[in-house]
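Colleague: Structure file my_file-v6.cif (mmCIF, C-alpha atoms) right here:
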```
data_query
#
loop_
_atom_site.group_PDB
_atom_site.id
_atom_site.type_symbol
_atom_site.label_atom_id
_atom_site.label_comp_id
_atom_site.auth_asym_id
_atom_site.auth_seq_id
_atom_site.Cartn_x
_atom_site.Cartn_y
_atom_site.Cartn_z
ATOM 1 C CA MET A 1240 47.345 36.457 -57.096
ATOM 2 C CA SER A 1241 48.777 37.124 -53.707
ATOM 3 C CA ARG A 1242 49.937 33.806 -52.263
ATOM 4 C CA SER A 1243 50.081 35.123 -48.710
ATOM 5 C CA ASN A 1244 46.439 36.237 -48.882
ATOM 6 C CA VAL A 1245 45.398 32.931 -50.441
ATOM 7 C CA LEU A 1246 47.149 31.130 -47.588
ATOM 8 C CA ALA A 1247 45.594 33.402 -44.938
ATOM 9 C CA GLY A 1248 42.110 32.892 -46.384
ATOM 10 C CA PHE A 1249 42.602 29.142 -46.568
ATOM 11 C CA LEU A 1250 43.839 28.978 -42.982
ATOM 12 C CA CYS A 1251 40.834 30.956 -41.730
ATOM 13 C CA PHE A 1252 38.378 28.652 -43.506
ATOM 14 C CA ALA A 1253 40.351 25.572 -42.449
ATOM 15 C CA GLY A 1254 40.317 26.752 -38.839
ATOM 16 C CA VAL A 1255 36.537 27.090 -38.799
ATOM 17 C CA ALA A 1256 36.119 23.713 -40.509
ATOM 18 C CA THR A 1257 38.544 22.072 -38.075
ATOM 19 C CA LEU A 1258 36.623 23.434 -35.097
ATOM 20 C CA ALA A 1259 33.408 21.978 -36.499
ATOM 21 C CA VAL A 1260 34.877 18.591 -37.427
ATOM 22 C CA VAL A 1261 37.091 17.992 -34.389
ATOM 23 C CA PHE A 1262 34.924 19.506 -31.674
ATOM 24 C CA GLY A 1263 31.485 19.236 -33.275
ATOM 25 C CA PRO A 1264 29.038 21.912 -34.413
ATOM 26 C CA GLU A 1265 28.508 23.106 -30.842
ATOM 27 C CA ALA A 1266 32.124 24.348 -30.857
ATOM 28 C CA ILE A 1267 31.179 27.015 -33.375
ATOM 29 C CA SER A 1268 27.625 27.887 -32.447
ATOM 30 C CA SER A 1269 26.785 26.899 -28.863
ATOM 31 C CA THR A 1270 27.184 30.409 -27.424
ATOM 32 C CA PRO A 1271 27.023 33.915 -28.917
ATOM 33 C CA GLY A 1272 30.758 34.347 -28.241
ATOM 34 C CA ARG A 1273 31.691 31.202 -30.148
ATOM 35 C CA THR A 1274 29.356 32.134 -32.986
ATOM 36 C CA ALA A 1275 30.886 35.614 -33.172
ATOM 37 C CA PHE A 1276 34.411 34.182 -33.130
ATOM 38 C CA THR A 1277 33.836 31.689 -35.935
ATOM 39 C CA GLY A 1278 31.783 34.180 -37.935
ATOM 40 C CA VAL A 1279 34.490 36.813 -37.791
ATOM 41 C CA ILE A 1280 37.177 34.258 -38.667
ATOM 42 C CA ALA A 1281 35.102 33.176 -41.676
ATOM 43 C CA LEU A 1282 34.638 36.855 -42.636
ATOM 44 C CA ALA A 1283 38.408 37.355 -42.405
ATOM 45 C CA GLY A 1284 38.879 34.328 -44.676
ATOM 46 C CA LEU A 1285 36.537 35.894 -47.216
ATOM 47 C CA LEU A 1286 38.340 39.242 -46.995
ATOM 48 C CA PHE A 1287 41.759 37.619 -47.456
ATOM 49 C CA SER A 1288 40.402 35.630 -50.416
ATOM 50 C CA LEU A 1289 39.058 38.814 -52.029
ATOM 51 C CA ALA A 1290 42.394 40.540 -51.439
ATOM 52 C CA ALA A 1291 44.210 37.681 -53.164
ATOM 53 C CA THR A 1292 42.512 38.537 -56.459
ATOM 54 C CA ARG A 1293 44.231 41.963 -56.574
ATOM 55 C CA ARG A 1294 41.320 43.297 -58.604
ATOM 56 C CA ARG A 1295 39.737 46.700 -58.598
ATOM 57 C CA GLY A 1296 36.015 47.211 -58.356
ATOM 58 C CA THR A 1297 33.402 49.801 -57.560
ATOM 59 C CA LEU A 1298 31.201 50.187 -54.541
ATOM 60 C CA ALA A 1299 28.445 52.808 -54.600
ATOM 61 C CA GLY A 1300 30.098 54.354 -57.633
ATOM 62 C CA GLN A 1301 33.473 54.708 -55.906
ATOM 63 C CA PRO A 1302 36.516 52.779 -57.115
ATOM 64 C CA ILE A 1303 37.891 50.317 -54.601
ATOM 65 C CA ASP A 1304 41.002 48.193 -54.536
ATOM 66 C CA LEU A 1305 40.146 44.689 -53.379
ATOM 67 C CA HIS A 1306 43.697 44.305 -52.095
ATOM 68 C CA ASP A 1307 42.609 46.602 -49.236
ATOM 69 C CA CYS A 1308 40.529 43.683 -47.995
ATOM 70 C CA SER A 1309 43.779 42.224 -46.661
ATOM 71 C CA ALA A 1310 44.024 45.028 -44.096
ATOM 72 C CA LEU A 1311 40.343 44.617 -43.284
ATOM 73 C CA GLY A 1312 41.038 40.904 -42.741
ATOM 74 C CA ASP A 1313 43.733 41.857 -40.231
ATOM 75 C CA VAL A 1314 41.225 44.041 -38.392
ATOM 76 C CA ALA A 1315 38.686 41.184 -38.418
ATOM 77 C CA ILE A 1316 41.268 38.819 -36.924
ATOM 78 C CA GLY A 1317 41.948 41.370 -34.199
ATOM 79 C CA LEU A 1318 38.235 41.545 -33.406
ATOM 80 C CA ALA A 1319 38.011 37.750 -33.345
ATOM 81 C CA ILE A 1320 40.879 37.606 -30.878
ATOM 82 C CA LEU A 1321 39.024 40.098 -28.709
ATOM 83 C CA THR A 1322 36.113 37.664 -28.349
ATOM 84 C CA GLY A 1323 38.526 35.551 -26.293
ATOM 85 C CA LEU A 1324 37.847 37.841 -23.358
ATOM 86 C CA ALA A 1325 34.578 35.980 -22.836
ATOM 87 C CA ALA A 1326 36.573 32.931 -21.717
ATOM 88 C CA ALA A 1327 38.872 34.749 -19.298
ATOM 89 C CA PRO A 1328 39.551 32.873 -16.046
ATOM 90 C CA GLY A 1329 39.363 34.641 -12.696
ATOM 91 C CA GLY A 1330 42.090 35.993 -10.457
ATOM 92 C CA VAL A 1331 45.572 37.115 -11.364
ATOM 93 C CA ILE A 1332 45.760 34.616 -14.207
ATOM 94 C CA GLY A 1333 42.583 36.138 -15.632
ATOM 95 C CA VAL A 1334 44.132 39.606 -15.585
ATOM 96 C CA LEU A 1335 47.228 38.324 -17.396
ATOM 97 C CA TYR A 1336 45.046 36.428 -19.877
ATOM 98 C CA ALA A 1337 42.958 39.544 -20.552
ATOM 99 C CA ALA A 1338 46.078 41.666 -21.015
ATOM 100 C CA LEU A 1339 47.488 39.216 -23.567
ATOM 101 C CA VAL A 1340 44.182 38.978 -25.425
ATOM 102 C CA VAL A 1341 43.825 42.756 -25.604
ATOM 103 C CA ALA A 1342 47.462 43.189 -26.676
ATOM 104 C CA GLY A 1343 47.094 40.572 -29.406
ATOM 105 C CA SER A 1344 43.845 42.069 -30.592
ATOM 106 C CA LEU A 1345 45.179 45.620 -30.681
ATOM 107 C CA SER A 1346 48.309 44.565 -32.551
ATOM 108 C CA ALA A 1347 46.299 42.852 -35.282
ATOM 109 C CA VAL A 1348 43.898 45.796 -35.605
ATOM 110 C CA ALA A 1349 46.789 48.281 -35.637
ATOM 111 C CA PHE A 1350 48.585 46.254 -38.317
ATOM 112 C CA GLY A 1351 45.558 46.553 -40.613
ATOM 113 C CA VAL A 1352 44.804 50.195 -39.828
ATOM 114 C CA VAL A 1353 48.412 51.332 -40.208
ATOM 115 C CA GLY A 1354 48.681 49.460 -43.508
ATOM 116 C CA LEU A 1355 45.667 51.294 -44.884
ATOM 117 C CA ALA A 1356 46.842 54.629 -43.481
ATOM 118 C CA GLU A 1357 50.252 54.244 -45.125
ATOM 119 C CA LYS A 1358 48.690 53.275 -48.447
ATOM 120 C CA TYR A 1359 46.367 56.254 -48.556
ATOM 121 C CA GLY A 1360 48.933 58.782 -47.349
ATOM 122 C CA ARG A 1361 47.415 59.414 -43.936
ATOM 123 C CA LEU A 1362 50.548 58.159 -42.245
ATOM 124 C CA SER A 1363 54.043 58.669 -43.523
ATOM 125 C CA ALA A 1364 57.495 58.282 -42.090
ATOM 126 C CA THR A 1365 59.271 61.526 -41.439
ATOM 127 C CA GLU A 1366 62.985 61.989 -41.808
ATOM 128 C CA ASP A 1367 64.969 64.188 -39.461
#
```
Let me see the file written as structure tokens.
Modeller:
Amino acid sequence: MSRSNVLAGFLCFAGVATLAVVFGPEAISSTPGRTAFTGVIALAGLLFSLAATRRRGTLAGQPIDLHDCSALGDVAIGLAILTGLAAAPGGVIGVLYAALVVAGSLSAVAFGVVGLAEKYGRLSATED
């Protein structure tokens, strides 16, 4: 078992549960943006939990490595961060907020995509 993926999955599920307990059910489902955010965080928790098993399986007859779900969890977290744009304030502060949200989202998505690309040989370091 991958302890880091177990921890990441637990933290995702705990985050959704904390939102519901501390702020009430409306904190996770009162608007489409909040529903999307909590849904994607829960999906990321599931993906990290699957990755923690380190098992191999098949999907549509093709072998898959469930550890790849860790990278997909990173992408899901990046998409969840992107839903934060719905709460952007106005003015200059809003532009800075949006820039930080987009940068955070892109970094999480890139982390997952680059990890998969390196694993499957689509991206390799070159030596000069």
Colleague: Quick one: everything within 12 Å of Leu1250 in chain A, counting all atoms listed in the file, minus sequence neighbours fewer than 4 positions away in the same chain. Send it as a list in words.
Modeller: Ser1243, Asn1244, Val1245, Leu1246, Gly1254, Val1255, Ala1256, Thr1257, Ile1280, Ala1281, Ala1283, Gly1284, Leu1285, Phe1287, Ser1288 and Ile1316 of chain A
Colleague: Using 3 Å of padding on each side, determine the axis-aligned box around all atoms of range 1280-1283 of chain A present in the file and give its centre and edge lengths in Å to one decimal, as AutoDock Vina command-line options.
Modeller:
```
--center_x 36.5 --center_y 35.3 --center_z -40.7 --size_x 9.8 --size_y 10.2 --size_z 10.0
```
Colleague: Selection in question (the file shown): the PyMOL selection byres ((chain A and resi 1335-1350) around 12). Which residues does it include, as a PyMOL selection string?
Modeller: chain A and resi 1283+1309-1334+1351-1357
Colleague: When you draw a straight line from CA of Ala1275 in chain A to CA of Gly1263 in chain A, how long is it in Å?
Modeller: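 Rounded to one decimal, the two atoms are 16.4 Å apart.
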Colleague: Skip Thr1274 in chain A itself and residues of its chain fewer than 3 positions away, then list as a ChimeraX atom specification all residues within 12 Å of it, counting all atoms listed in the file.
Modeller: /A:1255,1258-1259,1264-1271,1277-1282,1319,1322-1323
Colleague: Record the distance separating CA of Ala1253 in chain A and CA of Arg1293 in chain A, expressed in Å with one decimal.
Modeller: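 Value for the CA of Ala1253 in chain A-CA of Arg1293 in chain A distance: 22.0 Å.
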Colleague: Scan for residues within 7 Å of the point (47.0, 39.7, -53.4) in the coordinates of the file, using only C-alpha atoms, and reply as an mmCIF file with C-alpha atoms, keeping the file's coordinate frame.
Modeller:
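And here's part-v6.cif as it stands now:
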```
data_model
loop_
_atom_site.group_PDB
_atom_site.id
_atom_site.type_symbol
_atom_site.label_atom_id
_atom_site.label_comp_id
_atom_site.auth_asym_id
_atom_site.auth_seq_id
_atom_site.Cartn_x
_atom_site.Cartn_y
_atom_site.Cartn_z
ATOM 1 C CA MET A 1240 47.345 36.457 -57.096
ATOM 2 C CA SER A 1241 48.777 37.124 -53.707
ATOM 3 C CA ARG A 1242 49.937 33.806 -52.263
ATOM 4 C CA ASN A 1244 46.439 36.237 -48.882
ATOM 5 C CA ALA A 1290 42.394 40.540 -51.439
ATOM 6 C CA ALA A 1291 44.210 37.681 -53.164
ATOM 7 C CA THR A 1292 42.512 38.537 -56.459
ATOM 8 C CA ARG A 1293 44.231 41.963 -56.574
ATOM 9 C CA HIS A 1306 43.697 44.305 -52.095
#
```
Colleague: From the set A:Gly1360, A:Leu1286, A:Asp1307, A:Pro1302, which residue has the shortest atom-to-atom contact distance to Gly1248 in chain A, counting all atoms listed in the file?
Modeller: A:Leu1286
Colleague: Using CA of Ala1247 in chain A and CA of Gly1300 in chain A as the two end points, give the distance in Å to one decimal.
Modeller: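 Between CA of Ala1247 in chain A and CA of Gly1300 in chain A the gap works out to 29.0 Å.
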Colleague: Return range 1337-1348 of chain A, completed with all heavy atoms, as a PDB file, in the frame of the given file.
Modeller:
```pdb
ATOM      1  N   ALA A1337      43.638  38.412 -19.911  1.00  0.00           N
ATOM      2  CA  ALA A1337      42.958  39.544 -20.552  1.00  0.00           C
ATOM      3  C   ALA A1337      43.955  40.513 -21.168  1.00  0.00           C
ATOM      4  O   ALA A1337      43.735  41.025 -22.280  1.00  0.00           O
ATOM      5  CB  ALA A1337      42.063  40.249 -19.541  1.00  0.00           C
ATOM      6  N   ALA A1338      45.059  40.762 -20.478  1.00  0.00           N
ATOM      7  CA  ALA A1338      46.078  41.666 -21.015  1.00  0.00           C
ATOM      8  C   ALA A1338      46.673  41.121 -22.309  1.00  0.00           C
ATOM      9  O   ALA A1338      46.867  41.868 -23.279  1.00  0.00           O
ATOM     10  CB  ALA A1338      47.175  41.888 -19.978  1.00  0.00           C
ATOM     11  N   LEU A1339      46.940  39.821 -22.348  1.00  0.00           N
ATOM     12  CA  LEU A1339      47.488  39.216 -23.567  1.00  0.00           C
ATOM     13  C   LEU A1339      46.477  39.232 -24.702  1.00  0.00           C
ATOM     14  O   LEU A1339      46.827  39.499 -25.855  1.00  0.00           O
ATOM     15  CB  LEU A1339      47.953  37.782 -23.284  1.00  0.00           C
ATOM     16  CG  LEU A1339      49.210  37.661 -22.442  1.00  0.00           C
ATOM     17  CD1 LEU A1339      49.462  36.208 -22.075  1.00  0.00           C
ATOM     18  CD2 LEU A1339      50.392  38.248 -23.172  1.00  0.00           C
ATOM     19  N   VAL A1340      45.211  38.961 -24.392  1.00  0.00           N
ATOM     20  CA  VAL A1340      44.182  38.978 -25.425  1.00  0.00           C
ATOM     21  C   VAL A1340      44.030  40.383 -26.001  1.00  0.00           C
ATOM     22  O   VAL A1340      43.975  40.576 -27.218  1.00  0.00           O
ATOM     23  CB  VAL A1340      42.827  38.460 -24.871  1.00  0.00           C
ATOM     24  CG1 VAL A1340      41.683  38.765 -25.811  1.00  0.00           C
ATOM     25  CG2 VAL A1340      42.911  36.964 -24.608  1.00  0.00           C
ATOM     26  N   VAL A1341      43.971  41.374 -25.136  1.00  0.00           N
ATOM     27  CA  VAL A1341      43.825  42.756 -25.604  1.00  0.00           C
ATOM     28  C   VAL A1341      45.052  43.190 -26.401  1.00  0.00           C
ATOM     29  O   VAL A1341      44.925  43.812 -27.464  1.00  0.00           O
ATOM     30  CB  VAL A1341      43.553  43.708 -24.417  1.00  0.00           C
ATOM     31  CG1 VAL A1341      43.663  45.161 -24.841  1.00  0.00           C
ATOM     32  CG2 VAL A1341      42.182  43.429 -23.824  1.00  0.00           C
ATOM     33  N   ALA A1342      46.247  42.832 -25.947  1.00  0.00           N
ATOM     34  CA  ALA A1342      47.462  43.189 -26.676  1.00  0.00           C
ATOM     35  C   ALA A1342      47.493  42.528 -28.056  1.00  0.00           C
ATOM     36  O   ALA A1342      47.825  43.175 -29.058  1.00  0.00           O
ATOM     37  CB  ALA A1342      48.698  42.792 -25.874  1.00  0.00           C
ATOM     38  N   GLY A1343      47.134  41.262 -28.114  1.00  0.00           N
ATOM     39  CA  GLY A1343      47.094  40.572 -29.406  1.00  0.00           C
ATOM     40  C   GLY A1343      46.062  41.166 -30.336  1.00  0.00           C
ATOM     41  O   GLY A1343      46.300  41.350 -31.534  1.00  0.00           O
ATOM     42  N   SER A1344      44.913  41.483 -29.794  1.00  0.00           N
ATOM     43  CA  SER A1344      43.845  42.069 -30.592  1.00  0.00           C
ATOM     44  C   SER A1344      44.251  43.437 -31.130  1.00  0.00           C
ATOM     45  O   SER A1344      44.098  43.726 -32.317  1.00  0.00           O
ATOM     46  CB  SER A1344      42.574  42.189 -29.746  1.00  0.00           C
ATOM     47  OG  SER A1344      41.571  42.853 -30.468  1.00  0.00           O
ATOM     48  N   LEU A1345      44.779  44.274 -30.258  1.00  0.00           N
ATOM     49  CA  LEU A1345      45.179  45.620 -30.681  1.00  0.00           C
ATOM     50  C   LEU A1345      46.303  45.581 -31.711  1.00  0.00           C
ATOM     51  O   LEU A1345      46.327  46.397 -32.637  1.00  0.00           O
ATOM     52  CB  LEU A1345      45.591  46.450 -29.475  1.00  0.00           C
ATOM     53  CG  LEU A1345      44.464  46.866 -28.539  1.00  0.00           C
ATOM     54  CD1 LEU A1345      45.019  47.625 -27.341  1.00  0.00           C
ATOM     55  CD2 LEU A1345      43.419  47.692 -29.261  1.00  0.00           C
ATOM     56  N   SER A1346      47.219  44.635 -31.579  1.00  0.00           N
ATOM     57  CA  SER A1346      48.309  44.565 -32.551  1.00  0.00           C
ATOM     58  C   SER A1346      47.795  44.173 -33.929  1.00  0.00           C
ATOM     59  O   SER A1346      48.232  44.722 -34.941  1.00  0.00           O
ATOM     60  CB  SER A1346      49.410  43.612 -32.080  1.00  0.00           C
ATOM     61  OG  SER A1346      48.948  42.284 -32.061  1.00  0.00           O
ATOM     62  N   ALA A1347      46.856  43.249 -33.988  1.00  0.00           N
ATOM     63  CA  ALA A1347      46.299  42.852 -35.282  1.00  0.00           C
ATOM     64  C   ALA A1347      45.487  43.992 -35.905  1.00  0.00           C
ATOM     65  O   ALA A1347      45.605  44.270 -37.099  1.00  0.00           O
ATOM     66  CB  ALA A1347      45.418  41.614 -35.120  1.00  0.00           C
ATOM     67  N   VAL A1348      44.686  44.667 -35.104  1.00  0.00           N
ATOM     68  CA  VAL A1348      43.898  45.796 -35.605  1.00  0.00           C
ATOM     69  C   VAL A1348      44.835  46.913 -36.071  1.00  0.00           C
ATOM     70  O   VAL A1348      44.648  47.481 -37.149  1.00  0.00           O
ATOM     71  CB  VAL A1348      42.905  46.295 -34.529  1.00  0.00           C
ATOM     72  CG1 VAL A1348      42.272  47.616 -34.943  1.00  0.00           C
ATOM     73  CG2 VAL A1348      41.822  45.251 -34.283  1.00  0.00           C
TER      74      VAL A1348
END
```
